[in-house]
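final11.txt follows; it contains compact mmCIF, N, CA, C and O atoms and all ligand atoms.
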```txt
# COMPACT_ATOMS: atom_id res chain seq x y z
N MET A 1 12.53 -16.91 -0.74
CA MET A 1 11.21 -16.51 -0.29
C MET A 1 11.25 -15.06 0.17
O MET A 1 12.12 -14.66 0.91
N LEU A 2 10.26 -14.31 -0.28
CA LEU A 2 10.16 -12.91 0.11
C LEU A 2 9.49 -12.81 1.48
O LEU A 2 8.43 -13.39 1.71
N LEU A 3 10.15 -12.10 2.37
CA LEU A 3 9.59 -11.88 3.71
C LEU A 3 9.09 -10.45 3.81
O LEU A 3 9.75 -9.52 3.36
N ILE A 4 7.93 -10.27 4.41
CA ILE A 4 7.33 -8.96 4.61
C ILE A 4 7.10 -8.78 6.11
O ILE A 4 6.59 -9.68 6.77
N ARG A 5 7.49 -7.61 6.61
CA ARG A 5 7.29 -7.33 8.04
C ARG A 5 5.91 -6.71 8.25
O ARG A 5 5.61 -5.64 7.72
N CYS A 6 5.09 -7.37 9.06
CA CYS A 6 3.79 -6.80 9.43
C CYS A 6 4.04 -5.85 10.61
O CYS A 6 4.57 -6.28 11.64
N PRO A 7 3.66 -4.56 10.48
CA PRO A 7 3.93 -3.62 11.58
C PRO A 7 3.06 -3.87 12.79
O PRO A 7 3.37 -3.37 13.88
N TYR A 8 1.99 -4.62 12.67
CA TYR A 8 1.13 -4.92 13.82
C TYR A 8 1.64 -6.14 14.56
O TYR A 8 1.72 -6.15 15.78
N CYS A 9 1.97 -7.20 13.83
CA CYS A 9 2.51 -8.41 14.45
C CYS A 9 3.98 -8.21 14.81
O CYS A 9 4.51 -8.94 15.65
N ASP A 10 4.65 -7.26 14.14
CA ASP A 10 6.06 -6.96 14.34
C ASP A 10 6.93 -8.20 14.10
O ASP A 10 7.83 -8.51 14.87
N GLU A 11 6.61 -8.90 13.01
CA GLU A 11 7.37 -10.09 12.62
C GLU A 11 7.54 -10.10 11.11
O GLU A 11 6.69 -9.61 10.38
N ASP A 12 8.63 -10.70 10.64
CA ASP A 12 8.81 -10.96 9.21
C ASP A 12 8.09 -12.26 8.89
O ASP A 12 8.38 -13.30 9.48
N ARG A 13 7.16 -12.19 7.94
CA ARG A 13 6.36 -13.36 7.58
C ARG A 13 6.45 -13.59 6.07
O ARG A 13 6.68 -12.66 5.30
N PRO A 14 6.21 -14.82 5.59
CA PRO A 14 6.29 -15.12 4.16
C PRO A 14 5.23 -14.35 3.37
O PRO A 14 4.13 -14.10 3.85
N GLU A 15 5.58 -14.01 2.13
CA GLU A 15 4.69 -13.21 1.30
C GLU A 15 3.34 -13.88 1.06
O GLU A 15 2.35 -13.19 0.78
N VAL A 16 3.25 -15.20 1.13
CA VAL A 16 1.97 -15.89 0.88
C VAL A 16 0.92 -15.55 1.93
O VAL A 16 -0.26 -15.83 1.74
N GLU A 17 1.33 -14.96 3.05
CA GLU A 17 0.36 -14.57 4.08
C GLU A 17 -0.28 -13.22 3.78
O GLU A 17 -1.22 -12.82 4.48
N PHE A 18 0.20 -12.52 2.75
CA PHE A 18 -0.23 -11.15 2.51
C PHE A 18 -0.97 -11.01 1.18
O PHE A 18 -0.80 -11.81 0.27
N ALA A 19 -1.77 -9.96 1.09
CA ALA A 19 -2.47 -9.63 -0.15
C ALA A 19 -2.26 -8.16 -0.46
O ALA A 19 -2.36 -7.31 0.44
N TYR A 20 -1.96 -7.87 -1.72
CA TYR A 20 -1.82 -6.50 -2.19
C TYR A 20 -3.20 -5.84 -2.21
O TYR A 20 -4.18 -6.46 -2.59
N ALA A 21 -3.28 -4.59 -1.80
CA ALA A 21 -4.59 -3.92 -1.71
C ALA A 21 -4.58 -2.55 -2.36
O ALA A 21 -5.35 -1.68 -1.98
N GLY A 22 -3.68 -2.32 -3.33
CA GLY A 22 -3.73 -1.08 -4.09
C GLY A 22 -2.80 0.00 -3.58
O GLY A 22 -2.01 -0.21 -2.66
N GLU A 23 -2.90 1.16 -4.19
CA GLU A 23 -2.05 2.30 -3.85
C GLU A 23 -2.47 2.89 -2.51
O GLU A 23 -3.66 2.96 -2.20
N ALA A 24 -1.49 3.33 -1.73
CA ALA A 24 -1.77 3.94 -0.44
C ALA A 24 -1.92 5.46 -0.58
O ALA A 24 -1.51 6.04 -1.58
N HIS A 25 -2.51 6.06 0.42
CA HIS A 25 -2.64 7.51 0.54
C HIS A 25 -3.47 8.12 -0.60
O HIS A 25 -3.17 9.22 -1.07
N VAL A 26 -4.49 7.42 -1.06
CA VAL A 26 -5.42 8.00 -2.03
C VAL A 26 -6.47 8.74 -1.23
O VAL A 26 -7.26 8.13 -0.50
N ALA A 27 -6.46 10.07 -1.35
CA ALA A 27 -7.35 10.90 -0.53
C ALA A 27 -8.77 10.90 -1.10
O ALA A 27 -8.96 11.13 -2.30
N ARG A 28 -9.74 10.63 -0.25
CA ARG A 28 -11.13 10.68 -0.67
C ARG A 28 -11.55 12.14 -0.79
O ARG A 28 -11.22 12.95 0.08
N PRO A 29 -12.28 12.50 -1.85
CA PRO A 29 -12.71 13.89 -2.00
C PRO A 29 -13.62 14.32 -0.84
O PRO A 29 -14.42 13.52 -0.35
N ALA A 30 -13.48 15.58 -0.43
CA ALA A 30 -14.28 16.09 0.69
C ALA A 30 -15.76 16.08 0.34
O ALA A 30 -16.61 15.78 1.17
N ASP A 31 -16.09 16.43 -0.90
CA ASP A 31 -17.48 16.46 -1.34
C ASP A 31 -17.59 15.71 -2.67
O ASP A 31 -17.54 16.33 -3.74
N PRO A 32 -17.78 14.40 -2.64
CA PRO A 32 -17.81 13.62 -3.89
C PRO A 32 -18.92 14.06 -4.84
O PRO A 32 -18.77 13.96 -6.06
N SER A 33 -20.02 14.58 -4.32
CA SER A 33 -21.12 14.97 -5.21
C SER A 33 -20.77 16.20 -6.04
O SER A 33 -21.46 16.50 -7.02
N ALA A 34 -19.72 16.93 -5.66
CA ALA A 34 -19.33 18.12 -6.41
C ALA A 34 -18.41 17.79 -7.58
O ALA A 34 -18.10 18.67 -8.39
N LEU A 35 -17.98 16.55 -7.68
CA LEU A 35 -17.05 16.18 -8.75
C LEU A 35 -17.79 15.90 -10.05
O LEU A 35 -18.93 15.42 -10.05
N SER A 36 -17.11 16.14 -11.14
CA SER A 36 -17.66 15.75 -12.44
C SER A 36 -17.49 14.24 -12.60
O SER A 36 -16.77 13.60 -11.82
N ASP A 37 -18.12 13.68 -13.59
CA ASP A 37 -17.99 12.23 -13.82
C ASP A 37 -16.54 11.85 -14.09
O ASP A 37 -16.06 10.82 -13.60
N ASP A 38 -15.83 12.68 -14.86
CA ASP A 38 -14.44 12.37 -15.17
C ASP A 38 -13.57 12.45 -13.91
O ASP A 38 -12.68 11.62 -13.71
N GLU A 39 -13.81 13.45 -13.06
CA GLU A 39 -13.03 13.57 -11.82
C GLU A 39 -13.30 12.40 -10.89
O GLU A 39 -12.40 11.88 -10.24
N PHE A 40 -14.56 11.95 -10.82
CA PHE A 40 -14.88 10.82 -9.95
C PHE A 40 -14.29 9.53 -10.51
O PHE A 40 -13.80 8.68 -9.76
N ARG A 41 -14.31 9.38 -11.84
CA ARG A 41 -13.66 8.22 -12.47
C ARG A 41 -12.18 8.20 -12.12
O ARG A 41 -11.63 7.16 -11.77
N ASP A 42 -11.52 9.36 -12.20
CA ASP A 42 -10.09 9.42 -11.89
C ASP A 42 -9.84 9.04 -10.43
O ASP A 42 -8.89 8.32 -10.13
N PHE A 43 -10.70 9.51 -9.51
CA PHE A 43 -10.54 9.14 -8.09
C PHE A 43 -10.67 7.64 -7.90
O PHE A 43 -9.92 7.01 -7.16
N LEU A 44 -11.64 7.03 -8.58
CA LEU A 44 -11.89 5.60 -8.37
C LEU A 44 -10.85 4.70 -9.03
O LEU A 44 -10.45 3.69 -8.46
N TYR A 45 -10.43 5.05 -10.25
CA TYR A 45 -9.69 4.10 -11.06
C TYR A 45 -8.28 4.50 -11.47
O TYR A 45 -7.49 3.62 -11.79
N VAL A 46 -7.97 5.76 -11.52
CA VAL A 46 -6.67 6.17 -12.05
C VAL A 46 -5.64 6.19 -10.93
O VAL A 46 -5.82 6.86 -9.91
N ARG A 47 -4.59 5.40 -11.10
CA ARG A 47 -3.53 5.30 -10.09
C ARG A 47 -2.20 5.65 -10.74
O ARG A 47 -2.05 5.63 -11.96
N SER A 48 -1.19 5.91 -9.90
CA SER A 48 0.07 6.42 -10.44
C SER A 48 0.88 5.34 -11.16
O SER A 48 1.63 5.63 -12.08
N ASN A 49 0.76 4.07 -10.75
CA ASN A 49 1.49 2.97 -11.39
C ASN A 49 2.97 3.30 -11.53
O ASN A 49 3.57 3.20 -12.59
N THR A 50 3.56 3.70 -10.41
CA THR A 50 4.94 4.18 -10.38
C THR A 50 5.93 3.07 -10.70
O THR A 50 5.80 1.94 -10.22
N ARG A 51 6.94 3.41 -11.49
CA ARG A 51 8.07 2.51 -11.68
C ARG A 51 9.16 3.00 -10.73
O ARG A 51 9.79 4.02 -10.97
N GLY A 52 9.32 2.29 -9.63
CA GLY A 52 10.27 2.72 -8.60
C GLY A 52 9.63 2.59 -7.23
O GLY A 52 8.82 1.69 -7.00
N LEU A 53 9.98 3.49 -6.34
CA LEU A 53 9.49 3.43 -4.97
C LEU A 53 8.03 3.88 -4.91
O LEU A 53 7.69 4.97 -5.34
N MET A 54 7.18 3.02 -4.35
CA MET A 54 5.75 3.30 -4.34
C MET A 54 5.16 2.96 -2.98
O MET A 54 5.53 1.95 -2.37
N ALA A 55 4.22 3.79 -2.51
CA ALA A 55 3.50 3.51 -1.27
C ALA A 55 2.26 2.68 -1.61
O ALA A 55 1.46 3.07 -2.45
N GLU A 56 2.14 1.54 -0.95
CA GLU A 56 1.06 0.61 -1.26
C GLU A 56 0.34 0.17 0.01
O GLU A 56 0.90 0.22 1.10
N ARG A 57 -0.90 -0.29 -0.16
CA ARG A 57 -1.62 -0.91 0.94
C ARG A 57 -1.45 -2.42 0.82
O ARG A 57 -1.50 -2.98 -0.28
N TRP A 58 -1.28 -3.06 1.94
CA TRP A 58 -1.20 -4.51 1.99
C TRP A 58 -2.05 -4.98 3.15
O TRP A 58 -2.36 -4.21 4.06
N ARG A 59 -2.45 -6.23 3.09
CA ARG A 59 -3.23 -6.80 4.18
C ARG A 59 -2.60 -8.12 4.61
O ARG A 59 -2.25 -8.95 3.78
N HIS A 60 -2.46 -8.29 5.92
CA HIS A 60 -1.90 -9.52 6.48
C HIS A 60 -3.05 -10.53 6.61
O HIS A 60 -3.52 -10.82 7.70
N VAL A 61 -3.46 -11.08 5.47
CA VAL A 61 -4.67 -11.90 5.39
C VAL A 61 -4.58 -13.12 6.31
O VAL A 61 -5.52 -13.42 7.04
N HIS A 62 -3.46 -13.85 6.25
CA HIS A 62 -3.35 -15.09 7.02
C HIS A 62 -2.61 -14.87 8.34
O HIS A 62 -1.97 -15.78 8.86
N GLY A 63 -2.69 -13.66 8.85
CA GLY A 63 -2.10 -13.34 10.15
C GLY A 63 -3.13 -12.57 10.95
O GLY A 63 -4.23 -13.06 11.23
N CYS A 64 -2.80 -11.33 11.26
CA CYS A 64 -3.70 -10.51 12.07
C CYS A 64 -4.90 -9.99 11.27
O CYS A 64 -5.86 -9.51 11.86
N GLY A 65 -4.82 -10.03 9.92
CA GLY A 65 -5.93 -9.58 9.10
C GLY A 65 -6.01 -8.09 8.89
O GLY A 65 -6.95 -7.60 8.27
N ARG A 66 -5.03 -7.34 9.39
CA ARG A 66 -5.11 -5.88 9.34
C ARG A 66 -4.44 -5.32 8.09
O ARG A 66 -3.52 -5.91 7.53
N PHE A 67 -4.93 -4.15 7.68
CA PHE A 67 -4.33 -3.41 6.57
C PHE A 67 -3.18 -2.57 7.10
O PHE A 67 -3.25 -2.03 8.20
N PHE A 68 -2.13 -2.44 6.29
CA PHE A 68 -1.02 -1.56 6.63
C PHE A 68 -0.45 -1.01 5.32
O PHE A 68 -0.87 -1.40 4.23
N ASN A 69 0.47 -0.09 5.42
CA ASN A 69 1.10 0.50 4.24
C ASN A 69 2.54 0.03 4.13
O ASN A 69 3.18 -0.32 5.13
N ALA A 70 3.05 0.03 2.91
CA ALA A 70 4.43 -0.39 2.67
C ALA A 70 5.05 0.48 1.58
O ALA A 70 4.35 0.92 0.66
N LEU A 71 6.33 0.73 1.71
CA LEU A 71 7.10 1.35 0.63
C LEU A 71 7.82 0.22 -0.08
O LEU A 71 8.65 -0.47 0.51
N ARG A 72 7.46 -0.01 -1.35
CA ARG A 72 8.04 -1.12 -2.10
C ARG A 72 8.65 -0.61 -3.40
O ARG A 72 8.08 0.24 -4.08
N GLU A 73 9.81 -1.14 -3.72
CA GLU A 73 10.45 -0.84 -5.00
C GLU A 73 9.82 -1.75 -6.04
O GLU A 73 9.97 -2.98 -5.96
N THR A 74 9.07 -1.19 -6.98
CA THR A 74 8.30 -2.02 -7.90
C THR A 74 9.16 -2.74 -8.92
O THR A 74 8.72 -3.70 -9.53
N VAL A 75 10.38 -2.29 -9.13
CA VAL A 75 11.26 -2.95 -10.09
C VAL A 75 11.93 -4.16 -9.46
O VAL A 75 11.90 -5.27 -10.02
N SER A 76 12.49 -3.99 -8.27
CA SER A 76 13.23 -5.08 -7.62
C SER A 76 12.37 -5.88 -6.64
O SER A 76 12.80 -6.92 -6.17
N ASP A 77 11.18 -5.40 -6.32
CA ASP A 77 10.27 -6.03 -5.35
C ASP A 77 10.80 -5.94 -3.92
O ASP A 77 10.35 -6.68 -3.05
N LYS A 78 11.74 -5.04 -3.67
CA LYS A 78 12.28 -4.89 -2.32
C LYS A 78 11.36 -3.99 -1.49
O LYS A 78 10.97 -2.91 -1.92
N PHE A 79 11.04 -4.47 -0.28
CA PHE A 79 10.27 -3.66 0.66
C PHE A 79 11.22 -2.78 1.44
O PHE A 79 12.11 -3.28 2.13
N HIS A 80 11.06 -1.45 1.36
CA HIS A 80 11.93 -0.52 2.08
C HIS A 80 11.43 -0.28 3.50
O HIS A 80 12.21 -0.06 4.40
N ALA A 81 10.11 -0.27 3.66
CA ALA A 81 9.53 -0.03 4.99
C ALA A 81 8.08 -0.47 4.99
O ALA A 81 7.42 -0.50 3.96
N THR A 82 7.60 -0.85 6.15
CA THR A 82 6.16 -1.06 6.36
C THR A 82 5.76 -0.21 7.56
O THR A 82 6.57 -0.01 8.47
N TYR A 83 4.54 0.29 7.54
CA TYR A 83 4.09 1.16 8.62
C TYR A 83 2.57 1.04 8.76
O TYR A 83 1.88 0.64 7.83
N LYS A 84 2.10 1.37 9.94
CA LYS A 84 0.68 1.20 10.25
C LYS A 84 -0.17 2.19 9.46
O LYS A 84 0.27 3.30 9.15
N ALA A 85 -1.39 1.78 9.17
CA ALA A 85 -2.34 2.66 8.49
C ALA A 85 -2.56 3.92 9.34
O ALA A 85 -2.66 3.83 10.56
N GLY A 86 -2.58 5.05 8.69
CA GLY A 86 -2.77 6.31 9.39
C GLY A 86 -1.47 7.01 9.74
O GLY A 86 -1.47 8.21 10.04
N GLU A 87 -0.35 6.29 9.69
CA GLU A 87 0.95 6.92 9.93
C GLU A 87 1.42 7.59 8.65
O GLU A 87 1.07 7.16 7.55
N PRO A 88 2.22 8.67 8.77
CA PRO A 88 2.71 9.33 7.56
C PRO A 88 3.69 8.45 6.80
O PRO A 88 4.34 7.58 7.38
N ARG A 89 3.78 8.72 5.50
CA ARG A 89 4.70 7.95 4.65
C ARG A 89 6.14 8.29 5.03
O ARG A 89 6.52 9.46 5.03
N PRO A 90 6.95 7.27 5.33
CA PRO A 90 8.37 7.54 5.57
C PRO A 90 9.07 7.89 4.27
O PRO A 90 8.57 7.58 3.18
N GLN A 91 10.22 8.53 4.37
CA GLN A 91 10.94 8.95 3.17
C GLN A 91 11.42 7.76 2.36
O GLN A 91 11.34 7.73 1.16
N GLY A 92 12.00 6.76 3.02
CA GLY A 92 12.54 5.61 2.31
C GLY A 92 13.81 5.96 1.57
O GLY A 92 14.20 7.12 1.50
N ASP A 93 14.45 4.96 1.03
CA ASP A 93 15.67 5.17 0.26
C ASP A 93 15.28 5.60 -1.14
O ASP A 93 14.27 5.20 -1.67
N ALA A 94 16.12 6.41 -1.74
CA ALA A 94 15.88 6.81 -3.12
C ALA A 94 16.05 5.59 -4.02
O ALA A 94 16.97 4.80 -3.82
N PRO A 95 15.17 5.41 -4.99
CA PRO A 95 15.29 4.25 -5.86
C PRO A 95 16.49 4.34 -6.78
O PRO A 95 16.99 5.40 -7.03
ZN ZN B 101 -0.03 -8.97 11.13
```
Would it be possible to restate this file's structure as structure tokens?
Amino acid sequence: MLLIRCPYCDEDRPEVEFAYAGEAHVARPADPSALSDDEFRDFLYVRSNTRGLMAERWRHVHGCGRFFNALRETVSDKFHATYKAGEPRPQGDAP
């Protein structure tokens, strides 16, 4: 069973309590109305889909319900770190 540490509850909990919520650190444009249709499409839908270490958003759905960020190795499914939303991305181990 895969265990994920919730940085708010500060406990390792089973993966079935969590939900994946997309890529982390996607910056919202300062002025969305100034973007072209293609640029806005890229902001909404185009993600890096990294093979290796990736920063992701997760939600502790069946726990505290809060969103947090995680560094996960997408090939091995190993979680390198979890951290609270708004905190900077840790370096993590090289994949
Ligand atoms: Zn939690």
**Prompt:** With only N, CA, C and O atoms and all ligand atoms as the atoms that count, which of A:Val75, A:Ala27, A:Met1, A:Cys6 lies nearest to ligand ZN 101 (chain B)?
**Reply:** A:Cys6
**Asked** Neighbours of ligand ZN 101 (chain B) within 8 Å, counting all atoms listed in the file, as an NGL selection string?
**Response** :A and (4-11 or 17 or 59-67)
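Residue nearest Val26 in chain A, chosen from A:Asn69, A:Phe43, A:Glu87, A:Gly52 and counting all atoms listed in the file: A:Phe43.
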**Item:** Point-to-point distance from CA of Leu3 in chain A to CA of Glu15 in chain A, Å rounded to tenths
**Value:** 5.6 Å
**Request:** Just list the residues in range 18-91 of chain A DSSP gives strand (DSSP E) on the backbone, as a list in words.
**Result:** Ala19, Tyr20, Ala21, Gly22, Glu23, Leu53, Met54, Ala55, Glu56, Arg57, Trp58, Arg59, Phe67, Phe68, Asn69, Ala70, Leu71, Arg72, Glu73, Phe79, His80, Ala81, Thr82, Tyr83 and Lys84 of chain A
**Shell around range 49-51 of chain A at 12 Å using only C-alpha atoms, local window under 6 positions removed, as a PyMOL selection string** = chain A and resi 22-24+71-77+95
**Asked** Between A:Ala34, A:Tyr45, A:Pro29, A:Leu53, which has the minimum distance to Gln91 in chain A (counting only N, CA, C and O atoms)?
**Response**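 Looking at the shortest contact to Gln91 in chain A, the residue is A:Leu53.
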**Message:** If I take CA of Leu2 in chain A and atom O of Val46 in chain A, how far is one from the other in Å, to one decimal?
**Reply:** 27.3 Å
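The spacing separating CA of Arg57 in chain A from CA of Tyr83 in chain A amounts to 9.8 Å.
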